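First the structure, in the form of structure tokens, and then the observations on it.
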Amino acid sequence: MIDKINQLLETVQAFQPATSAEIEEFRIRMLGKKGALNALFEEFKQVSVDRKKELGGRINTLKMAVQDKIAALKADWENADTEQRNDDLSRPGSNDRLGTRHPISLVKNQIEEIFKRLGYTVAEGPEIEDDWHVFSALNFAPEHPARDMQDTFFVDKENEILLRTHTSSIQVRIMENQQPPIRVICPGRVFRNEAISARAHCIFHQVEGLYIDENVSFADLKQSILYFAKEMFGEEARIRFRPSYFPFTEPSAEVDVSCNLCAGAGCNVCKGTGWLEIMGCGMVDPHVLEACGIDSQKYTGFAFGMGVERIAMLKYGIRDLRLYFENDLRFLSQFDSVI
Ligand code: PHE
């Protein structure tokens with residue numbers, strides 16, 4: 001009997017199933033009604049009293065070994081990769097849910113697509129910048145408030161290293177390295193030292209554009225922006241320009257688009273005016289061209305810049321900027337069906 005028990009113990013240790021069905025077969029062969037262990041217990045009844053203690057202990061050890069082995073094999077099987085489990089056709093399928101694009105990426109991609117159709121290329125640049133590329137080359141006066149720590153995050157105040165406050169810094173880098181014609185859009189993350197609220201955030205995204213060539217005029221700017229507005233907000237969209245000021249453009253303007261929610265009739269989103277502000281723009285100031293090594297006698301250009309969060313808010317009727325940064329799936333999964 002001892003030999004039989006030892007033999008069975010070896011079988012248990014050596015057992016290696018190829019499928020989950022084999023584990024079940026093994027369980028029945030060992031622990032089933034007509035299994036090996038019950039047979040042993042049957043035989044055990046005939047054993048003389050003086051040997052009962054020793055043999056009983058051995059049989060129990062064997063039984064525990066079988067149970068442990070089966071439990072371990074089952075656990076391994078559950079964790080095994082799908083390739084090994086393919087034989088189990090009754091297993092419920094696993095549902096891999098595809099993620100959705102963030103609304104900011106969707107709108108940024110759409111803006112890029114529209115301008116690419118007008119012949120623009122896309123350029124990116126560093127988020128940590130120096131004073132020259134963010135302010136000085138762009139004609140900001142030395143005492144301009146944007147250079148203050150209240151408005152700008154400085155990484156190293158002494159060496160004037162800072163987080164870019166707009167992606168115009170990329171345009172400076174392009175102008176420094178390339179002669180016209182230049183036709184480029186610059187998407188990216190920007191940083192401003194603002195208190196976070198429904199209408200303002202210290203991190204947001206911009207897409208800025210720049211077009212420089214001979215004889216570029218304000219009329220070209222207007223037509224390009226009109227094309228963009230119609231592509232983004234629909235064929236009925238109208239635009240208007242309001243005079244404004246930026247250090248790097250002259251003349252400068254702010255662009256409004258007709259409110260796409262009330263079609264210009266006036267609602268609470270456009271505060272009854274029928275118009276929504278979408279971007280700043282203007283003709284590149286000759287000082288900026290010269291600072292970047294471009295002949296301002298020969299070339300003219302226009303630039304524009306818009307906030308991606310703002311365009312997405314207007315397009316999708318989003319009321320609170322903070323939603324973009326909270327990663328709440330109830331918000332994000334609404335953009336499931338948008339390509
Ligand atoms: N850089 C400006 C901003 O961040 C936007 C702008 C770009 C305005 C180009 C005019 C021309 O607000």
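Residue numbering restarts at 1 for every chain of the structure tokens, chains are lettered A, B, ... in their displayed order, and ligands are numbered from 1 as they appear.
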DSSP-assigned strand (DSSP E) members of stretch 54-138 of chain A, reported as a PDB file with N, CA and C atoms, in the first residue's frame:
ATOM      1  N   THR A 121       1.674  74.720 -42.884  1.00  0.00           N
ATOM      2  CA  THR A 121       2.288  73.557 -42.245  1.00  0.00           C
ATOM      3  C   THR A 121       2.201  73.758 -40.731  1.00  0.00           C
ATOM      4  N   VAL A 122       2.431  72.688 -39.986  1.00  0.00           N
ATOM      5  CA  VAL A 122       2.300  72.740 -38.527  1.00  0.00           C
ATOM      6  C   VAL A 122       3.691  72.725 -37.899  1.00  0.00           C
ATOM      7  N   ILE A 128       9.090  75.538 -22.241  1.00  0.00           N
ATOM      8  CA  ILE A 128       9.950  76.388 -21.404  1.00  0.00           C
ATOM      9  C   ILE A 128      10.753  77.267 -22.362  1.00  0.00           C
ATOM     10  N   GLU A 129      10.591  78.552 -22.214  1.00  0.00           N
ATOM     11  CA  GLU A 129      11.143  79.493 -23.191  1.00  0.00           C
ATOM     12  C   GLU A 129      12.012  80.546 -22.510  1.00  0.00           C
ATOM     13  N   ASP A 130      12.598  81.422 -23.326  1.00  0.00           N
ATOM     14  CA  ASP A 130      13.300  82.565 -22.747  1.00  0.00           C
ATOM     15  C   ASP A 130      12.540  83.849 -23.090  1.00  0.00           C
TER      16      ASP A 130
END
Protein and nucleic residues near ligand 1, 6 Å, only C-alpha atoms and all ligand atoms, as a list in words: His166, Ser168, Glu208, Gly280, Cys281, Gly282, Ala303, Phe304 and Gly305 of chain A
Quick one, how far is atom CA of A:Ala291 from atom CA of A:Gly307?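 Taking atom CA of A:Ala291 as the start and atom CA of A:Gly307 as the end point, the length is 25.8 Å.
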Pick the closest to A:Ala18 from A:Phe218, A:Trp77, A:Phe41, A:Phe191: which is it, counting only C-alpha atoms?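 Of the candidates, the smallest distance to A:Ala18 is held by A:Trp77.
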Which residues are near A:Pro126? Cut-off 12 Å, only C-alpha atoms, ignore same chain within fewer than 4 positions. Put them as a PDB file with N, CA and C atoms, in the first residue's frame.
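Result went into out12.pdb, see below:
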ATOM      1  N   ASP A 130      12.598  81.422 -23.326  1.00  0.00           N
ATOM      2  CA  ASP A 130      13.300  82.565 -22.747  1.00  0.00           C
ATOM      3  C   ASP A 130      12.540  83.849 -23.090  1.00  0.00           C
ATOM      4  N   HIS A 133      12.144  85.033 -26.967  1.00  0.00           N
ATOM      5  CA  HIS A 133      11.165  84.422 -27.881  1.00  0.00           C
ATOM      6  C   HIS A 133       9.714  84.686 -27.487  1.00  0.00           C
ATOM      7  N   VAL A 134       9.478  84.912 -26.187  1.00  0.00           N
ATOM      8  CA  VAL A 134       8.087  85.128 -25.761  1.00  0.00           C
ATOM      9  C   VAL A 134       7.732  86.617 -25.768  1.00  0.00           C
ATOM     10  N   ILE A 161      14.012  82.788 -17.687  1.00  0.00           N
ATOM     11  CA  ILE A 161      13.501  81.541 -18.272  1.00  0.00           C
ATOM     12  C   ILE A 161      12.077  81.364 -17.743  1.00  0.00           C
ATOM     13  N   LEU A 162      11.127  81.111 -18.633  1.00  0.00           N
ATOM     14  CA  LEU A 162       9.721  81.127 -18.224  1.00  0.00           C
ATOM     15  C   LEU A 162       8.898  80.121 -19.026  1.00  0.00           C
ATOM     16  N   LEU A 163       7.671  79.874 -18.548  1.00  0.00           N
ATOM     17  CA  LEU A 163       6.743  79.037 -19.318  1.00  0.00           C
ATOM     18  C   LEU A 163       6.082  79.942 -20.351  1.00  0.00           C
ATOM     19  N   ARG A 164       6.051  79.531 -21.605  1.00  0.00           N
ATOM     20  CA  ARG A 164       5.520  80.411 -22.646  1.00  0.00           C
ATOM     21  C   ARG A 164       4.067  80.790 -22.335  1.00  0.00           C
ATOM     22  N   THR A 165       3.732  82.043 -22.586  1.00  0.00           N
ATOM     23  CA  THR A 165       2.369  82.531 -22.322  1.00  0.00           C
ATOM     24  C   THR A 165       1.536  82.501 -23.597  1.00  0.00           C
ATOM     25  N   HIS A 166       2.189  82.310 -24.728  1.00  0.00           N
ATOM     26  CA  HIS A 166       1.483  82.140 -26.003  1.00  0.00           C
ATOM     27  C   HIS A 166       2.410  81.386 -26.963  1.00  0.00           C
ATOM     28  N   THR A 167       1.822  80.820 -28.026  1.00  0.00           N
ATOM     29  CA  THR A 167       2.683  80.061 -28.957  1.00  0.00           C
ATOM     30  C   THR A 167       3.270  80.963 -30.036  1.00  0.00           C
ATOM     31  N   SER A 168       3.134  82.280 -29.877  1.00  0.00           N
ATOM     32  CA  SER A 168       3.831  83.202 -30.786  1.00  0.00           C
ATOM     33  C   SER A 168       5.344  82.960 -30.728  1.00  0.00           C
ATOM     34  N   SER A 169       5.808  82.406 -29.596  1.00  0.00           N
ATOM     35  CA  SER A 169       7.242  82.118 -29.465  1.00  0.00           C
ATOM     36  C   SER A 169       7.709  81.146 -30.551  1.00  0.00           C
ATOM     37  N   ILE A 170       6.837  80.239 -30.961  1.00  0.00           N
ATOM     38  CA  ILE A 170       7.213  79.293 -32.034  1.00  0.00           C
ATOM     39  C   ILE A 170       7.380  80.064 -33.342  1.00  0.00           C
ATOM     40  N   GLN A 171       6.502  81.038 -33.547  1.00  0.00           N
ATOM     41  CA  GLN A 171       6.570  81.821 -34.780  1.00  0.00           C
ATOM     42  C   GLN A 171       7.884  82.602 -34.857  1.00  0.00           C
ATOM     43  N   VAL A 172       8.334  83.106 -33.688  1.00  0.00           N
ATOM     44  CA  VAL A 172       9.629  83.801 -33.670  1.00  0.00           C
ATOM     45  C   VAL A 172      10.732  82.846 -34.104  1.00  0.00           C
ATOM     46  N   ARG A 173      10.693  81.627 -33.545  1.00  0.00           N
ATOM     47  CA  ARG A 173      11.727  80.644 -33.907  1.00  0.00           C
ATOM     48  C   ARG A 173      11.696  80.328 -35.402  1.00  0.00           C
ATOM     49  N   CYS A 186       0.893  77.111 -35.332  1.00  0.00           N
ATOM     50  CA  CYS A 186       1.655  76.671 -34.166  1.00  0.00           C
ATOM     51  C   CYS A 186       0.699  76.312 -33.035  1.00  0.00           C
ATOM     52  N   PRO A 187       0.374  75.029 -32.896  1.00  0.00           N
ATOM     53  CA  PRO A 187      -0.473  74.612 -31.779  1.00  0.00           C
ATOM     54  C   PRO A 187       0.383  74.337 -30.546  1.00  0.00           C
ATOM     55  N   GLY A 188      -0.196  74.458 -29.367  1.00  0.00           N
ATOM     56  CA  GLY A 188       0.581  74.082 -28.182  1.00  0.00           C
ATOM     57  C   GLY A 188      -0.052  74.535 -26.894  1.00  0.00           C
ATOM     58  N   ARG A 189       0.547  74.030 -25.792  1.00  0.00           N
ATOM     59  CA  ARG A 189       0.076  74.347 -24.456  1.00  0.00           C
ATOM     60  C   ARG A 189       0.727  75.639 -23.993  1.00  0.00           C
ATOM     61  N   VAL A 190      -0.036  76.494 -23.360  1.00  0.00           N
ATOM     62  CA  VAL A 190       0.522  77.754 -22.854  1.00  0.00           C
ATOM     63  C   VAL A 190       0.124  77.940 -21.392  1.00  0.00           C
TER      64      VAL A 190
END
With a distance cut-off of 10 Å and only C-alpha atoms, select the neighbouring residues of A:Ile5, excluding the residue or stretch itself and same-chain residues fewer than 6 positions from it, and output the selection as a PyMOL selection string. chain A and resi 11+36-37+40+55+58-59+61-62
Residue subset to file, keeping all heavy atoms, as a short mmCIF file (atom, residue, chain, number, x, y, z; two decimals), in the first residue's frame:
data_model
loop_
_atom_site.label_atom_id
_atom_site.label_comp_id
_atom_site.auth_asym_id
_atom_site.auth_seq_id
_atom_site.Cartn_x
_atom_site.Cartn_y
_atom_site.Cartn_z
N THR A 11 2.67 10.86 -9.29
CA THR A 11 1.78 11.23 -10.40
C THR A 11 1.24 12.64 -10.19
O THR A 11 1.20 13.45 -11.12
CB THR A 11 0.57 10.26 -10.46
OG1 THR A 11 1.03 8.95 -10.20
CG2 THR A 11 -0.15 10.35 -11.78
N ALA A 36 -9.04 7.42 -7.12
CA ALA A 36 -7.93 6.72 -6.50
C ALA A 36 -7.96 6.83 -4.97
O ALA A 36 -7.64 5.87 -4.26
CB ALA A 36 -6.62 7.29 -7.04
N LEU A 37 -8.37 8.00 -4.46
CA LEU A 37 -8.34 8.17 -3.01
C LEU A 37 -9.39 7.35 -2.29
O LEU A 37 -9.10 6.72 -1.27
CB LEU A 37 -8.43 9.64 -2.64
CG LEU A 37 -7.01 10.19 -2.58
CD1 LEU A 37 -6.89 11.51 -3.24
CD2 LEU A 37 -6.50 10.21 -1.15
N LEU A 40 -8.25 3.91 -2.00
CA LEU A 40 -7.28 3.74 -0.92
C LEU A 40 -7.97 3.64 0.44
O LEU A 40 -7.63 2.80 1.27
CB LEU A 40 -6.31 4.93 -0.90
CG LEU A 40 -5.11 4.88 -1.86
CD1 LEU A 40 -4.30 6.16 -1.74
CD2 LEU A 40 -4.21 3.68 -1.55
N LEU A 55 -0.33 4.63 7.99
CA LEU A 55 -0.93 4.68 6.65
C LEU A 55 -1.98 5.79 6.53
O LEU A 55 -2.06 6.49 5.53
CB LEU A 55 -1.54 3.32 6.31
CG LEU A 55 -0.49 2.29 5.85
CD1 LEU A 55 -1.11 0.90 5.75
CD2 LEU A 55 0.12 2.70 4.52
N ARG A 58 -0.33 8.99 5.87
CA ARG A 58 0.17 9.09 4.49
C ARG A 58 -0.95 9.38 3.49
O ARG A 58 -0.78 10.18 2.56
CB ARG A 58 0.90 7.81 4.08
CG ARG A 58 2.27 7.70 4.71
CD ARG A 58 2.96 6.43 4.29
NE ARG A 58 4.19 6.25 5.00
CZ ARG A 58 5.40 6.42 4.44
NH1 ARG A 58 5.50 6.72 3.18
NH2 ARG A 58 6.48 6.24 5.16
N ILE A 59 -2.08 8.68 3.71
CA ILE A 59 -3.21 8.91 2.78
C ILE A 59 -3.69 10.36 2.87
O ILE A 59 -3.94 11.02 1.87
CB ILE A 59 -4.37 7.93 3.05
CG1 ILE A 59 -3.91 6.49 2.83
CG2 ILE A 59 -5.56 8.23 2.13
CD1 ILE A 59 -4.96 5.44 3.14
N THR A 61 -1.93 12.98 3.72
CA THR A 61 -0.94 13.83 3.07
C THR A 61 -1.18 13.84 1.57
O THR A 61 -1.16 14.89 0.91
CB THR A 61 0.51 13.32 3.34
OG1 THR A 61 0.61 13.09 4.73
CG2 THR A 61 1.54 14.29 2.86
N LEU A 62 -1.43 12.64 1.02
CA LEU A 62 -1.68 12.53 -0.42
C LEU A 62 -2.92 13.33 -0.82
O LEU A 62 -2.90 14.10 -1.78
CB LEU A 62 -1.87 11.05 -0.80
CG LEU A 62 -2.32 10.78 -2.24
CD1 LEU A 62 -1.24 11.24 -3.23
CD2 LEU A 62 -2.63 9.30 -2.45
#
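Nearest residue to A:Glu250, choosing from A:Gln334, A:Thr19, A:Asn268, A:Thr300 and counting only C-alpha atoms: A:Thr300.
Atom CA of A:Asp295 to atom CA of A:Gln179 spans 9.2 Å [interatomic distance, one decimal].
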Shell around A:Cys259 at 7 Å using only C-alpha atoms, local window under 6 positions removed, as a list in words: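 Surrounding residues, per the criterion: Cys270, Gly274, Trp275 and Leu276 of chain A.
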Where does stretch 228-307 of chain A meet stretch 101-115 of chain A within 8 Å, residue by residue, with the nearest atom pair and distance in Å to one decimal for each, counting only C-alpha atoms, listed by chain and rising number, as CSV?
residue,atom,partner,partner_atom,distance
A:Phe228,CA,A:Ile114,CA,6.5
A:Glu231,CA,A:Ile114,CA,7.0
A:Met232,CA,A:Ile111,CA,7.6
Any chance you could tabulate, as a Markdown table, the residues of stretch 223-281 of chain A at most 8 Å from stretch 311-321 of chain A with each one's nearest atom pair and distance in Å to one decimal, using only C-alpha atoms, in chain and rising number order?
| residue | atom | partner | partner_atom | distance |
| --- | --- | --- | --- | --- |
| A:Phe233 | CA | A:Lys315 | CA | 7.0 |
| A:Asn260 | CA | A:Leu314 | CA | 7.9 |
| A:Ile278 | CA | A:Ile311 | CA | 6.7 |
For the residues selected in the previous step, produce a file with C-alpha atoms as a PDB file, in the first residue's frame.
ATOM      1  CA  PHE A 233     -18.880  76.793 -37.374  1.00  0.00           C
ATOM      2  CA  ASN A 260     -23.986  79.601 -33.737  1.00  0.00           C
ATOM      3  CA  ILE A 278     -12.837  83.813 -31.196  1.00  0.00           C
TER       4      ILE A 278
END
Do a neighbour search on stretch 234-245 of chain A at 6 Å with only C-alpha atoms, toss out local chain neighbours closer than 5 positions, and write the hits as a list in words.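 Neighbouring residues, sequence-local ones excluded: Ser252, Ala253, Glu254, Val255, Asp256, Val257 and Ser258 of chain A.
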Dump C-alpha atoms for the selected residues as a short mmCIF file (atom, residue, chain, number, x, y, z; two decimals), in the first residue's frame?
data_model
loop_
_atom_site.label_atom_id
_atom_site.label_comp_id
_atom_site.auth_asym_id
_atom_site.auth_seq_id
_atom_site.Cartn_x
_atom_site.Cartn_y
_atom_site.Cartn_z
CA SER A 252 -4.52 94.65 -34.67
CA ALA A 253 -8.03 93.30 -34.41
CA GLU A 254 -10.20 90.98 -32.43
CA VAL A 255 -12.44 88.65 -34.44
CA ASP A 256 -16.02 87.76 -33.51
CA VAL A 257 -18.07 85.03 -35.14
CA SER A 258 -21.86 85.13 -35.32
#
